file query36.csv (CSV, C-alpha atoms and all ligand atoms)
chain,number,residue,atom,x,y,z
A,1,MET,CA,-7.1,-7.7,-32.2
A,2,TYR,CA,-7.5,-10.5,-29.6
A,3,ASP,CA,-10.0,-13.3,-29.5
A,4,ILE,CA,-10.4,-12.9,-25.7
A,5,ILE,CA,-9.4,-10.1,-23.3
A,6,ILE,CA,-9.6,-10.9,-19.6
A,7,ILE,CA,-9.7,-8.0,-17.2
A,8,GLY,CA,-8.2,-8.8,-13.8
A,9,ALA,CA,-5.4,-11.3,-13.0
A,10,GLY,CA,-6.7,-12.9,-9.7
A,11,PRO,CA,-7.4,-16.7,-9.6
A,12,ALA,CA,-10.5,-16.3,-11.8
A,13,GLY,CA,-8.7,-14.2,-14.5
A,14,LEU,CA,-5.5,-16.3,-14.5
A,15,SER,CA,-7.4,-19.6,-14.7
A,16,SER,CA,-9.4,-18.2,-17.6
A,17,GLY,CA,-6.1,-17.1,-19.3
A,18,ILE,CA,-4.7,-20.6,-18.9
A,19,TYR,CA,-7.8,-22.3,-20.4
A,20,ALA,CA,-8.4,-19.8,-23.2
A,21,SER,CA,-4.8,-19.7,-24.4
A,22,ARG,CA,-4.4,-23.4,-24.2
A,23,LEU,CA,-7.6,-23.8,-26.3
A,24,GLY,CA,-5.8,-21.7,-29.0
A,25,ALA,CA,-7.5,-18.3,-28.4
A,26,LYS,CA,-5.3,-15.2,-28.8
A,27,THR,CA,-5.7,-14.0,-25.2
A,28,LEU,CA,-4.6,-10.9,-23.3
A,29,ILE,CA,-5.0,-10.3,-19.6
A,30,LEU,CA,-5.0,-6.7,-18.3
A,31,GLU,CA,-4.1,-6.2,-14.7
A,32,LYS,CA,-3.7,-2.8,-13.0
A,33,LEU,CA,-1.6,-4.3,-10.1
A,34,THR,CA,0.6,-7.3,-9.9
A,35,PRO,CA,-0.9,-10.6,-11.0
A,36,GLY,CA,-2.3,-12.8,-8.2
A,37,GLY,CA,-5.2,-10.8,-6.9
A,38,GLN,CA,-6.3,-10.1,-3.3
A,39,ILE,CA,-5.6,-13.6,-2.2
A,40,THR,CA,-1.9,-12.7,-2.3
A,41,LEU,CA,-2.6,-10.8,0.9
A,42,SER,CA,-3.6,-14.0,2.7
A,43,SER,CA,-0.9,-15.5,4.9
A,44,GLU,CA,-2.3,-19.0,5.2
A,45,ILE,CA,-4.3,-21.1,2.7
A,46,GLU,CA,-5.0,-24.7,3.4
A,47,ASN,CA,-8.4,-25.4,1.7
A,48,TYR,CA,-7.2,-25.2,-2.0
A,49,PRO,CA,-7.4,-28.8,-3.3
A,50,GLY,CA,-4.1,-30.4,-4.0
A,51,ILE,CA,-2.0,-28.6,-1.4
A,52,CYS,CA,-1.1,-30.7,1.7
A,53,ASP,CA,0.9,-28.0,3.5
A,54,VAL,CA,-0.4,-24.5,4.5
A,55,LYS,CA,0.7,-22.0,1.8
A,56,SER,CA,0.7,-18.2,1.7
A,57,GLY,CA,-1.4,-16.6,-1.0
A,58,LEU,CA,1.8,-15.4,-2.7
A,59,GLU,CA,3.2,-18.9,-2.8
A,60,LEU,CA,0.0,-20.4,-4.1
A,61,MET,CA,-0.4,-17.8,-6.9
A,62,ALA,CA,3.3,-17.5,-8.0
A,63,CYS,CA,3.0,-20.1,-10.8
A,64,TRP,CA,-0.4,-19.1,-12.3
A,65,PRO,CA,0.9,-16.2,-14.5
A,66,LYS,CA,3.8,-18.3,-15.7
A,67,GLN,CA,1.5,-21.2,-16.5
A,68,ALA,CA,-0.8,-18.9,-18.6
A,69,LYS,CA,2.2,-17.4,-20.4
A,70,LYS,CA,3.5,-20.9,-21.2
A,71,PHE,CA,0.4,-21.4,-23.5
A,72,GLY,CA,0.9,-18.0,-25.1
A,73,CYS,CA,-1.4,-15.8,-22.9
A,74,GLU,CA,-0.1,-12.2,-22.8
A,75,ILE,CA,-0.3,-10.3,-19.5
A,76,VAL,CA,0.1,-6.6,-19.4
A,77,ASN,CA,0.2,-4.2,-16.4
A,78,GLU,CA,-2.4,-1.7,-17.5
A,79,GLU,CA,-5.7,-0.5,-16.0
A,80,ALA,CA,-8.7,-0.9,-18.2
A,81,ASN,CA,-10.5,2.5,-18.0
A,82,LYS,CA,-13.2,2.4,-20.7
A,83,LEU,CA,-15.1,-0.2,-22.5
A,84,THR,CA,-17.2,0.3,-25.7
A,85,MET,CA,-18.6,-1.7,-28.5
A,86,GLU,CA,-17.3,-0.7,-32.0
A,87,ASN,CA,-18.0,-2.5,-35.3
A,88,GLU,CA,-19.2,-5.6,-33.3
A,89,LYS,CA,-15.9,-5.7,-31.4
A,90,TRP,CA,-15.3,-4.8,-27.8
A,91,LYS,CA,-12.8,-1.9,-27.5
A,92,ILE,CA,-10.9,-1.4,-24.2
A,93,ILE,CA,-9.0,1.8,-23.5
A,94,THR,CA,-6.2,1.8,-20.9
A,95,HIS,CA,-4.1,4.7,-19.8
A,96,LYS,CA,-1.5,3.7,-22.5
A,97,ASN,CA,-3.2,1.8,-25.3
A,98,SER,CA,-6.5,0.6,-26.8
A,99,TYR,CA,-7.3,-3.1,-27.5
A,100,GLU,CA,-10.0,-4.9,-29.4
A,101,ALA,CA,-11.5,-8.3,-28.7
A,102,LYS,CA,-14.3,-10.6,-29.8
A,103,ALA,CA,-15.1,-11.6,-26.2
A,104,LEU,CA,-14.4,-10.2,-22.8
A,105,ILE,CA,-14.0,-11.9,-19.5
A,106,ILE,CA,-14.5,-9.6,-16.5
A,107,ALA,CA,-12.6,-10.8,-13.4
A,108,THR,CA,-12.2,-7.5,-11.5
A,109,GLY,CA,-13.4,-8.9,-8.2
A,110,ALA,CA,-14.8,-7.3,-5.1
A,111,ASN,CA,-13.1,-5.9,-2.1
A,112,PRO,CA,-14.2,-6.1,1.5
A,113,LYS,CA,-14.6,-2.6,3.0
A,114,LYS,CA,-12.4,-1.7,6.0
A,115,ALA,CA,-14.0,-0.8,9.3
A,116,GLY,CA,-11.3,1.9,9.9
A,117,PHE,CA,-10.0,1.1,13.4
A,118,GLU,CA,-6.4,1.5,14.5
A,119,GLY,CA,-4.2,-1.6,13.6
A,120,GLU,CA,-6.7,-2.9,11.0
A,121,ILE,CA,-4.2,-2.8,8.1
A,122,GLU,CA,-1.2,-3.8,10.2
A,123,TYR,CA,-2.9,-7.0,11.6
A,124,THR,CA,-4.6,-8.1,8.4
A,125,GLY,CA,-3.6,-11.7,8.0
A,126,LYS,CA,-2.3,-11.7,11.6
A,127,GLY,CA,-5.6,-12.1,13.3
A,128,ILE,CA,-7.8,-9.8,11.2
A,129,SER,CA,-9.8,-11.5,8.5
A,130,TYR,CA,-12.5,-10.7,6.0
A,131,CYS,CA,-13.5,-14.3,5.2
A,132,ALA,CA,-14.9,-16.8,7.7
A,133,VAL,CA,-14.8,-19.8,5.4
A,134,CYS,CA,-11.1,-19.1,4.6
A,135,ASP,CA,-9.9,-18.4,8.1
A,136,GLY,CA,-12.5,-19.6,10.6
A,137,PHE,CA,-10.8,-23.0,11.0
A,138,PHE,CA,-7.7,-21.3,12.5
A,139,TYR,CA,-9.8,-20.2,15.5
A,140,ARG,CA,-11.1,-23.6,16.6
A,141,ASN,CA,-12.1,-23.3,20.3
A,142,LYS,CA,-10.8,-19.7,20.5
A,143,ASP,CA,-12.5,-16.4,21.1
A,144,VAL,CA,-13.2,-14.2,18.1
A,145,ALA,CA,-14.9,-10.8,17.4
A,146,VAL,CA,-17.2,-10.2,14.4
A,147,ILE,CA,-17.8,-6.6,13.4
A,148,GLY,CA,-21.0,-5.5,11.5
A,149,GLY,CA,-24.7,-5.7,11.6
A,150,GLY,CA,-25.7,-6.7,8.1
A,151,ASP,CA,-26.6,-10.2,6.7
A,152,THR,CA,-23.0,-11.1,6.1
A,153,ALA,CA,-21.8,-10.3,9.6
A,154,LEU,CA,-24.7,-12.2,11.2
A,155,GLU,CA,-24.4,-15.2,8.9
A,156,GLU,CA,-20.7,-15.4,9.4
A,157,ALA,CA,-21.1,-15.0,13.2
A,158,LEU,CA,-23.4,-18.0,13.1
A,159,TYR,CA,-20.8,-19.9,11.0
A,160,LEU,CA,-18.0,-19.0,13.3
A,161,SER,CA,-20.1,-20.0,16.4
A,162,LYS,CA,-19.8,-23.6,15.3
A,163,ILE,CA,-16.0,-23.4,15.2
A,164,ALA,CA,-14.9,-20.8,17.8
A,165,LYS,CA,-15.5,-21.1,21.6
A,166,LYS,CA,-17.1,-17.6,21.8
A,167,VAL,CA,-18.1,-15.0,19.2
A,168,TYR,CA,-18.5,-11.3,20.2
A,169,LEU,CA,-20.7,-9.7,17.7
A,170,ILE,CA,-20.0,-6.0,17.8
A,171,HIS,CA,-22.3,-3.5,16.1
A,172,ARG,CA,-22.2,0.3,16.0
A,173,ARG,CA,-26.0,0.7,16.5
A,174,ASP,CA,-28.7,-1.0,18.6
A,175,LYS,CA,-30.5,-2.5,15.6
A,176,PHE,CA,-29.2,-5.0,13.0
A,177,ARG,CA,-30.0,-4.6,9.3
A,178,ALA,CA,-29.8,-8.4,8.7
A,179,ALA,CA,-32.9,-10.4,7.9
A,180,PRO,CA,-35.1,-11.0,11.0
A,181,ILE,CA,-34.8,-14.8,10.6
A,182,THR,CA,-31.0,-14.5,10.7
A,183,GLN,CA,-31.2,-12.2,13.7
A,184,GLU,CA,-33.4,-14.7,15.5
A,185,LYS,CA,-30.8,-17.5,14.9
A,186,VAL,CA,-28.1,-15.2,16.4
A,187,PHE,CA,-30.2,-14.4,19.4
A,188,ASN,CA,-30.7,-18.1,20.0
A,189,THR,CA,-27.0,-19.0,19.8
A,190,LYS,CA,-25.5,-19.4,23.2
A,191,ASN,CA,-21.9,-18.7,22.4
A,192,ILE,CA,-22.6,-15.4,20.5
A,193,GLU,CA,-22.5,-12.4,22.8
A,194,ILE,CA,-23.9,-9.2,21.2
A,195,ILE,CA,-22.4,-5.9,22.0
A,196,TYR,CA,-24.5,-3.0,20.6
A,197,ASN,CA,-23.6,0.7,20.2
A,198,GLU,CA,-19.9,0.1,20.1
A,199,ASN,CA,-17.2,0.5,17.5
A,200,VAL,CA,-13.8,-1.1,17.7
A,201,LYS,CA,-11.3,1.6,18.4
A,202,LYS,CA,-8.1,-0.4,18.0
A,203,VAL,CA,-6.7,-4.0,18.0
A,204,PHE,CA,-3.7,-4.8,20.2
A,205,GLY,CA,-1.3,-7.7,20.2
A,206,ASN,CA,2.3,-8.6,19.4
A,207,GLU,CA,2.9,-10.6,16.3
A,208,PHE,CA,-0.8,-11.6,16.2
A,209,VAL,CA,-4.0,-10.0,17.5
A,210,GLU,CA,-4.6,-10.5,21.2
A,211,GLY,CA,-7.6,-8.3,21.7
A,212,ILE,CA,-9.6,-5.2,20.9
A,213,ILE,CA,-10.4,-2.0,22.6
A,214,LEU,CA,-14.0,-0.6,22.0
A,215,SER,CA,-15.0,3.0,21.8
A,216,SER,CA,-16.1,2.9,25.5
A,217,ASP,CA,-12.5,1.8,26.2
A,218,LYS,CA,-13.7,-1.7,27.2
A,219,LYS,CA,-11.0,-4.2,26.5
A,220,ILE,CA,-11.9,-7.7,25.2
A,221,LYS,CA,-9.4,-10.5,24.7
A,222,VAL,CA,-9.9,-12.2,21.4
A,223,ASP,CA,-7.6,-14.2,19.1
A,224,GLY,CA,-9.2,-13.1,15.8
A,225,VAL,CA,-11.3,-10.3,14.5
A,226,PHE,CA,-13.6,-10.8,11.5
A,227,VAL,CA,-14.7,-7.6,9.7
A,228,PHE,CA,-17.9,-7.7,7.7
A,229,VAL,CA,-18.9,-4.1,7.0
A,230,GLY,CA,-19.9,-4.4,3.3
A,231,MET,CA,-18.2,-5.1,0.0
A,232,LYS,CA,-17.1,-2.9,-2.8
A,233,ILE,CA,-18.0,-4.6,-6.1
A,234,ASN,CA,-15.5,-3.6,-8.8
A,235,ASN,CA,-18.1,-3.2,-11.5
A,236,GLU,CA,-17.3,0.3,-12.8
A,237,LEU,CA,-16.2,-0.8,-16.2
A,238,VAL,CA,-19.3,-2.8,-17.0
A,239,LYS,CA,-22.1,-1.4,-14.8
A,240,ASP,CA,-23.8,0.4,-17.8
A,241,LEU,CA,-23.4,-2.5,-20.2
A,242,VAL,CA,-24.6,-5.6,-18.3
A,243,GLU,CA,-27.4,-6.4,-15.9
A,244,LEU,CA,-26.5,-6.2,-12.2
A,245,ASN,CA,-28.4,-7.5,-9.1
A,246,LYS,CA,-29.5,-5.1,-6.4
A,247,TRP,CA,-26.0,-5.4,-4.7
A,248,GLY,CA,-24.2,-4.4,-7.9
A,249,GLU,CA,-23.0,-7.9,-8.6
A,250,VAL,CA,-23.0,-9.0,-12.3
A,251,LYS,CA,-25.8,-11.4,-13.2
A,252,VAL,CA,-24.6,-14.5,-15.2
A,253,ASP,CA,-25.9,-17.7,-16.5
A,254,LEU,CA,-24.4,-21.2,-15.9
A,255,ASN,CA,-21.9,-20.4,-18.7
A,256,MET,CA,-20.8,-17.2,-16.9
A,257,GLN,CA,-22.3,-15.2,-19.8
A,258,THR,CA,-23.7,-11.8,-18.8
A,259,SER,CA,-26.7,-10.1,-20.3
A,260,ALA,CA,-24.4,-8.5,-23.0
A,261,LYS,CA,-23.4,-11.0,-25.7
A,262,GLY,CA,-19.7,-11.7,-25.6
A,263,ILE,CA,-19.1,-10.4,-22.0
A,264,TYR,CA,-18.5,-13.0,-19.3
A,265,ALA,CA,-18.1,-12.3,-15.6
A,266,ILE,CA,-16.3,-14.6,-13.2
A,267,GLY,CA,-15.1,-14.8,-9.6
A,268,ASP,CA,-16.1,-12.3,-6.8
A,269,ILE,CA,-17.7,-9.8,-9.2
A,270,ARG,CA,-20.5,-12.2,-10.2
A,271,GLU,CA,-23.7,-12.9,-8.3
A,272,ASN,CA,-23.8,-15.8,-5.9
A,273,SER,CA,-20.0,-16.1,-5.8
A,274,VAL,CA,-18.8,-18.1,-2.8
A,275,LYS,CA,-15.6,-16.0,-2.9
A,276,GLN,CA,-13.2,-18.9,-2.8
A,277,ILE,CA,-10.0,-19.4,-4.9
A,278,VAL,CA,-11.2,-22.8,-6.2
A,279,ALA,CA,-14.6,-21.5,-7.2
A,280,ALA,CA,-13.0,-18.5,-9.0
A,281,ALA,CA,-10.7,-20.8,-10.8
A,282,GLY,CA,-13.7,-23.0,-11.8
A,283,ASP,CA,-15.5,-19.9,-13.1
A,284,GLY,CA,-12.5,-19.0,-15.2
A,285,ALA,CA,-12.4,-22.4,-16.9
A,286,ILE,CA,-16.2,-22.3,-17.6
A,287,ALA,CA,-16.0,-18.8,-19.1
A,288,ALA,CA,-12.9,-19.5,-21.2
A,289,ILE,CA,-14.4,-22.7,-22.6
A,290,ASN,CA,-17.7,-21.0,-23.5
A,291,ALA,CA,-16.0,-17.9,-24.9
A,292,CYS,CA,-13.9,-20.1,-27.1
A,293,LYS,CA,-16.9,-21.9,-28.4
B,301,LIG,P1,-24.4,-4.3,4.6
B,301,LIG,O1,-25.7,-4.8,4.6
B,301,LIG,O2,-24.1,-3.0,4.0
B,301,LIG,O3,-24.0,-4.2,6.2
B,301,LIG,C1,-22.8,-3.6,6.6
B,301,LIG,C2,-22.9,-3.5,8.1
B,301,LIG,O4,-21.6,-3.0,8.6
B,301,LIG,C3,-24.0,-2.6,8.6
B,301,LIG,O5,-24.6,-3.1,9.8
B,301,LIG,C4,-23.2,-1.3,9.0
B,301,LIG,O6,-23.7,-0.6,10.1
B,301,LIG,C5,-21.9,-1.8,9.4
B,301,LIG,N1,-20.8,-0.9,9.1
B,301,LIG,C6,-20.5,-0.3,8.0
B,301,LIG,N2,-19.4,0.5,8.1
B,301,LIG,C7,-18.9,0.2,9.3
B,301,LIG,C8,-17.8,0.7,10.0
B,301,LIG,N3,-16.9,1.5,9.4
B,301,LIG,N4,-17.6,0.2,11.3
B,301,LIG,C9,-18.5,-0.6,11.9
B,301,LIG,N5,-19.6,-1.1,11.3
B,301,LIG,C10,-19.8,-0.7,10.0
B,301,LIG,O7,-23.3,-5.3,4.0
B,301,LIG,P2,-23.3,-6.9,4.0
B,301,LIG,O8,-23.7,-7.5,5.2
B,301,LIG,O9,-22.0,-7.3,3.4
B,301,LIG,O10,-24.4,-7.2,2.9
B,301,LIG,C11,-24.4,-6.5,1.6
B,301,LIG,C12,-25.6,-6.8,0.8
B,301,LIG,O11,-25.7,-8.2,0.6
B,301,LIG,C13,-26.9,-6.5,1.7
B,301,LIG,O12,-27.9,-6.0,0.9
B,301,LIG,C14,-27.3,-7.8,2.2
B,301,LIG,O13,-28.7,-7.9,2.5
B,301,LIG,C15,-26.9,-8.8,1.1
B,301,LIG,N6,-26.6,-10.1,1.6
B,301,LIG,C16,-27.6,-11.0,1.6
B,301,LIG,C17,-27.5,-12.3,2.1
B,301,LIG,C18,-28.6,-13.2,2.1
B,301,LIG,O14,-29.6,-12.9,1.5
B,301,LIG,N7,-28.5,-14.4,2.6
B,301,LIG,C19,-26.2,-12.6,2.7
B,301,LIG,C20,-25.2,-11.7,2.7
B,301,LIG,C21,-25.4,-10.4,2.2
B,301,LIG,P3,-25.1,0.2,10.0
B,301,LIG,O15,-26.2,-0.9,10.1
B,301,LIG,O16,-25.1,1.0,11.2
B,301,LIG,O17,-25.1,0.9,8.7
call {"tool": "encode", "arguments": {"input": "query36.csv", "output": "structure tokens"}}
result
Amino acid sequence: MYDIIIIGAGPAGLSSGIYASRLGAKTLILEKLTPGGQITLSSEIENYPGICDVKSGLELMACWPKQAKKFGCEIVNEEANKLTMENEKWKIITHKNSYEAKALIIATGANPKKAGFEGEIEYTGKGISYCAVCDGFFYRNKDVAVIGGGDTALEEALYLSKIAKKVYLIHRRDKFRAAPITQEKVFNTKNIEIIYNENVKKVFGNEFVEGIILSSDKKIKVDGVFVFVGMKINNELVKDLVELNKWGEVKVDLNMQTSAKGIYAIGDIRENSVKQIVAAAGDGAIAAINACK
């Protein structure tokens, strides 16, 4: 029987584990992969406060599990498959065990969808990115491509147009699904060139991306490719228990409390998340402090 069980050991979950265990709560983190979260796939991080040199995600996250364990937090490598309420306690079933807790903190995140072109996986972190705020700065005065036609792709193309020299916005149809006002801003931005009715067939380069080849075989030289073709919100465990918004993100209040008493949601799974390490860590602290209260 735990006071708090945290599901997911990315920056949000680990920060929550550090705070909850240090506050004296008997705390367990369940993680299906290795602790650290999807940020461990990033090769360069320079906007996390307190680091003066560029670090890889692996380097940045290396100490977080150790720090949580130092205060007594347990971390087990098990996937939470089912969640129920029994006798006023939350019960979690994994492939191996079942656990009970008074409060739950859900930190299972969200994953950007892949566009599916040749070289996408190979060049991720080497010119292919899924986050303009994280990586846009590396492309100052360079040419980049943005893939997608939704709100995220157009908003991020606008953001990148202020940093990059030129942004190619590549969409597979001839109509965007983004809000008309956002489309208008894109149409009025001089350094965004829109390419309709094309998919990216492959990226090419050596160590880093040097360009893309479109389905029409047109070749475009770019230094970076930003993919925004939708997100998969990892809400399977809680989707029938807590209120979600229309995109499947978990609704929370300022305490990170969901609509179900005793369930908190933090990091990329919650609505309005800015999907940044520092924000996820902040969410973790807020949820842990409130869950302990
Ligand atoms: P989205 O609306 O699902 O758009 C995904 C885009 O990627 C679509 O244009 C889609 O093309 C394209 N796409 C999908 N798979 C692709 C592939 N394999 N190759 C190339 N293109 C592909 O996703 P989103 O932009 O991340 O937005 C998700 C939700 O959040 C939406 O409901 C959106 O309105 C909302 N959102 C709102 C705001 C805001 O209100 N400010 C900001 C961001 C997001 P098709 O159009 O041809 O399907």
call {"tool": "residues_around", "arguments": {"input": "query36.csv", "residues": "Glu198 (chain A)", "least_positions_apart": "4", "cutoff": "10 Å", "atoms": "all atoms listed in the file", "output": "list in words"}}
result
Ile147, Ile170, His171, Arg172, Arg173, Asp174, Leu214, Ser215, Ser216, Asp217 and Lys218 of chain A
call {"tool": "write_last_selection", "arguments": {"input": "query36.csv", "atoms": "C-alpha atoms", "output": "PDB file, in the frame of the given file"}}
result
ATOM      1  CA  ILE A 147     -17.800  -6.600  13.400  1.00  0.00           C
ATOM      2  CA  ILE A 170     -20.000  -6.000  17.800  1.00  0.00           C
ATOM      3  CA  HIS A 171     -22.300  -3.500  16.100  1.00  0.00           C
ATOM      4  CA  ARG A 172     -22.200   0.300  16.000  1.00  0.00           C
ATOM      5  CA  ARG A 173     -26.000   0.700  16.500  1.00  0.00           C
ATOM      6  CA  ASP A 174     -28.700  -1.000  18.600  1.00  0.00           C
ATOM      7  CA  LEU A 214     -14.000  -0.600  22.000  1.00  0.00           C
ATOM      8  CA  SER A 215     -15.000   3.000  21.800  1.00  0.00           C
ATOM      9  CA  SER A 216     -16.100   2.900  25.500  1.00  0.00           C
ATOM     10  CA  ASP A 217     -12.500   1.800  26.200  1.00  0.00           C
ATOM     11  CA  LYS A 218     -13.700  -1.700  27.200  1.00  0.00           C
TER      12      LYS A 218
END
call {"tool": "residues_near_ligand", "arguments": {"input": "query36.csv", "ligand": "ligand LIG 301 (chain B)", "cutoff": "8 Å", "atoms": "all atoms listed in the file", "output": "PyMOL selection string"}}
result
chain A and resi 113-117+147-155+171-173+175-179+199-200+228-231+246-247
call {"tool": "closest_atom_pairs", "arguments": {"input": "query36.csv", "of": "region 26-86 of chain A", "to": "region 260-272 of chain A", "cutoff": "12 Å", "atoms": "only C-alpha atoms", "output": "Markdown table"}}
result
| residue | atom | partner | partner_atom | distance |
| --- | --- | --- | --- | --- |
| A:Gly37 | CA | A:Asp268 | CA | 11.0 |
| A:Gln38 | CA | A:Asp268 | CA | 10.6 |
| A:Ile39 | CA | A:Asp268 | CA | 11.5 |
| A:Leu83 | CA | A:Ile263 | CA | 11.0 |
| A:Thr84 | CA | A:Ile263 | CA | 11.5 |
| A:Met85 | CA | A:Gly262 | CA | 10.5 |
call {"tool": "write_last_selection", "arguments": {"input": "query36.csv", "atoms": "C-alpha atoms", "output": "mmCIF file, in the frame of the given file"}}
result
data_model
loop_
_atom_site.group_PDB
_atom_site.id
_atom_site.type_symbol
_atom_site.label_atom_id
_atom_site.label_comp_id
_atom_site.auth_asym_id
_atom_site.auth_seq_id
_atom_site.Cartn_x
_atom_site.Cartn_y
_atom_site.Cartn_z
ATOM 1 C CA GLY A 37 -5.200 -10.800 -6.900
ATOM 2 C CA GLN A 38 -6.300 -10.100 -3.300
ATOM 3 C CA ILE A 39 -5.600 -13.600 -2.200
ATOM 4 C CA LEU A 83 -15.100 -0.200 -22.500
ATOM 5 C CA THR A 84 -17.200 0.300 -25.700
ATOM 6 C CA MET A 85 -18.600 -1.700 -28.500
#
call {"tool": "axis_aligned_box", "arguments": {"input": "query36.csv", "around": "region 89-99 of chain A", "padding_each_side": "4 Å", "output": "AutoDock Vina command-line options"}}
result
--center_x -8.7 --center_y -0.5 --center_z -25.6 --size_x 22.4 --size_y 18.4 --size_z 19.6
call {"tool": "closest_residue", "arguments": {"input": "query36.csv", "among": "A:Gly17, A:Gly127, A:Gly248, A:Pro35", "to": "Ala110 (chain A)", "atoms": "all atoms listed in the file"}}
result
A:Gly248
call {"tool": "closest_residue", "arguments": {"input": "query36.csv", "among": "A:Ala288, A:Ile212, A:Ile233, A:Val144", "to": "Gly109 (chain A)", "atoms": "all atoms listed in the file"}}
result
A:Ile233
